[in-house]
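Read the structure below first, then the notes.
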Number of protein chains: 4
Amino acid sequence: MDQQVKDKKAAIMDAALKLFTERGFHGTSTAQISKDAGVATGTLFNYFPTKENLINSLYFEVKGRLSRSIRVGIDEEVSFQDKLRRLWSNIIKWGVNSPEEYLFVEQFCSSPYITKITREEVMKEYIFLNELVQEGIASGVLKDYTPELTMTIFFHGTKALVNLILDPNVSLDAEELIENGFRIIWNGLTGK
Amino acid sequence: MDQQVKDKKAAIMDAALKLFTERGFHGTSTAQISKDAGVATGTLFNYFPTKENLINSLYFEVKGRLSRSIRVGIDEEVSFQDKLRRLWSNIIKWGVNSPEEYLFVEQFCSSPYITKITREEVMKEYIFLNELVQEGIASGVLKDYTPELTMTIFFHGTKALVNLILDPNVSLDAEELIENGFRIIWNGLTGK
Amino acid sequence: MDQQVKDKKAAIMDAALKLFTERGFHGTSTAQISKDAGVATGTLFNYFPTKENLINSLYFEVKGRLSRSIRVGIDEEVSFQDKLRRLWSNIIKWGVNSPEEYLFVEQFCSSPYITKITREEVMKEYIFLNELVQEGIASGVLKDYTPELTMTIFFHGTKALVNLILDPNVSLDAEELIENGFRIIWNGLTGK
Amino acid sequence: MDQQVKDKKAAIMDAALKLFTERGFHGTSTAQISKDAGVATGTLFNYFPTKENLINSLYFEVKGRLSRSIRVGIDEEVSFQDKLRRLWSNIIKWGVNSPEEYLFVEQFCSSPYITKITREEVMKEYIFLNELVQEGIASGVLKDYTPELTMTIFFHGTKALVNLILDPNVSLDAEELIENGFRIIWNGLTGK
DNA sequence: CATGAATGAGAATTCATTCAT
DNA sequence: CATGAATGAATTCTCATTCAT
């Protein structure tokens, strides 16, 4: 009973995630979402009063999952380099293992359909990363570039890797790519 | 008259570029494009038989402009490092100076509305970049990572810089950011 | 329990009366009625198989209450004028004291949602009024206009008074208005 | 060309008038209006941006026609009684000859779908009637009841007559009914 | 009987596209 | 070629009604 409810809501969110990612917000009809989720058109609106509410709920949830995955195991690492490598690897692996969620977040993180409220609610994680980078610069391990520059290069580096690994035309060993990618970024951010 | 024709077509493309970038493909109506371009709704369809044709034409043209801008002055540079620095700077400056075109290409490069044909037609430029990187690796200046890895890190690096410079919340000196960004990537790609 | 049943049914009818009057038949959803009545959406359909049945039941009941109120005390009056004045006053006071029921009847007496059957069932009371007027004409007190004319002027007169007294922009003494209104109609129907 | 445009708009308004009157605002779908008007569903929205705008435009126009009809010939009458009789007759005849428009105004004059703006725009005519009644009271011809009482009795009297004449179950001579009706009201409003 | 999630037909509105002028 | 009214399929969302619990 309670299970069925969860199932329908989850089915709608799953279908929406896939379709929004593939075809965008306006390119996806609520009818198609309902159909793919195996529910009636009206059912979607029992759970999400509007299409916008649906995408916001989805964004909130997916970003939450991402947020939690990213942090895993970092505290257990001792050296700063290992912490950063773990973060690098966590982000990329999450993207590779949840490509739909990854692409969804990429596509809608700056979309007008995501409310400012949803976005702010979700920005909190950013602080964690910011602190890590600040710590690296303060300890002298990372070179003293503007933190924003360091951070954006690091993040776009992870994006580069996810895209490369997911590219169907390229089949290279993922673990090796991740390690080499990290070496490039690490050399870049610490090099003379 | 011939001028007017050019003007109308150009006006439509300009309006479309702006609207597609801001609101996406399905979020933009042909009526709105016509209105912003100052022409009648029917006129748009005299130049572009369908909305999809319009966005493909637009993509083709914008990508062409990008392609040409990127190459400027590279042949005049002598050292490999200067060639790469020039390429780095060309890409970023184009993005910063033509933010709408830049965002348009970013947004629609992997969109389903862009035909495979359009995309392939446009891929040719890639070869030029590929050759440059291959040359760098062959000459031993760049470290011997898989070329795809090197290339994607480089490109995502330029994206990182464009986004950073365009970010309205961040106001740092663009030239300095570009140079520092290049130093990071160069160190990364050449470092031990 | 039997009490509860009555309560739920009555609560539904109360809520329906108010909402139908305020927003019309199609402007009122059964969900809203249920909500205002404090019952589940399905409960409404345990008592009334359809929305149309609900409004018909409501109409039947309200019209019945009106019918009974109107007659009160008329038999105790002796003169014809007093009987008619009492009827006049009864109708108006019912309207003023039960404005929702009054407006409901006014609004739906000629509506397509009220079945012919319901309407006919309810017409019976009309006979009583008809007889009273016939009696007045026969006795020579009322002038010899077509009875239909006399009746409709009388009824529309009561409507005029109810609307006037209920008008929030007008604040005049109700008793005096009723008496003056009656004088006008009486003079009209008996005058030379 | 210009004719066709007028035709479509007029056809839509005609169909809407009929349907709104018969089935109410929410009971009438824009699809049905379009169908009855013989145009496509989208065409309706070329002329009226929303359903509410349609009913307001309609109300505005119909009320304007009523307003003009009512005044006809009153200035040519000399005595106050003849002026009032003419007004009486004008109103009733308009209602009898344009029953749909009459019922439409009756039904929607106090409806929430008619904007306050539309209503106020339309209230102006009321002043004219008010002045006439004030004049009658001031000159001592009408008895000195509150003007609101006099006016509402008069108006509801016209409604009574229109309903009576339009009633398919009643077939009496209209002219005679109108004259007798006026006599009743006149006697009422002037009687001792 | 009471409940409220589920249903899907139907409602208002939008929009790419056509075509007569 | 330019125009913009006309079209009708498609979209988001509502709601009377059902039915398993």
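Each chain in the structure tokens gets a letter, A, B, ..., in the order shown, and its residues are numbered from 1; ligands are numbered from 1 in order too.
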Can you list every residue of chain F that has an atom at most 10 Å from chain C, with its nearest atom pair and the distance in Å to one decimal, using only C-alpha atoms (C1' of nucleotides), ordered by chain then number, as JSON lines?
```
{"residue": "F:DT14", "atom": "C1'", "partner": "C:Ser29", "partner_atom": "CA", "distance": 9.2}
{"residue": "F:DC15", "atom": "C1'", "partner": "C:Ser29", "partner_atom": "CA", "distance": 6.7}
{"residue": "F:DA16", "atom": "C1'", "partner": "C:Thr30", "partner_atom": "CA", "distance": 7.2}
{"residue": "F:DT17", "atom": "C1'", "partner": "C:Thr50", "partner_atom": "CA", "distance": 8.2}
{"residue": "F:DT18", "atom": "C1'", "partner": "C:Gly42", "partner_atom": "CA", "distance": 8.6}
{"residue": "F:DC19", "atom": "C1'", "partner": "C:Gly42", "partner_atom": "CA", "distance": 9.7}
```
**Prompt:** Near C:Arg85, within 12 Å and counting only C-alpha atoms (C1' of nucleotides), which residues show up once chain neighbours fewer than 3 positions away are dropped, as a PyMOL selection string?
**Reply:** chain C and resi 70-71+73-74+77-82+88-93+132+154+158+178-186
**Request:** For C:Val122, list every protein, DNA or RNA residue within 9 Å, evaluated using only C-alpha atoms (C1' of nucleotides), and leave out those in the same chain fewer than 6 positions away; present the list as a list of chain:residue names.
**Result:** C:Tyr59, C:Phe60, C:Lys63, C:Gly64, C:Ser67
**Expected answer as number ranges by chain: chain D residues within 6 Å of chain C, only C-alpha atoms** = D: 26-27, 152-153, 156, 160, 184-185, 187-189, 191
**Close residues, A:Phe48 itself excluded, 10 Å, only C-alpha atoms (C1' of nucleotides), min 4 positions apart in chain, as an NGL selection string** = :A and (9 or 12-13 or 43-44 or 52-57)
**Prompt:** How far is it from atom CA of D:Glu135 to atom CA of D:Pro147, in Å with one decimal?
**Reply:**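 That distance, rounded to one decimal, is 10.3 Å.
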**Request:** Rank nothing, just name the residue among C:Val162, C:Val39, C:Ile127, C:Leu142 nearest to chain E, using only C-alpha atoms (C1' of nucleotides).
**Result:**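 The shortest atom-to-atom distance to chain E comes from C:Val39.
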**Request:** Could you tell me how far atom CA of B:Tyr126 lies from atom CA of B:Gly140, in Å and to one decimal?
**Result:**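 Separating atom CA of B:Tyr126 from atom CA of B:Gly140 is a distance of 21.5 Å.
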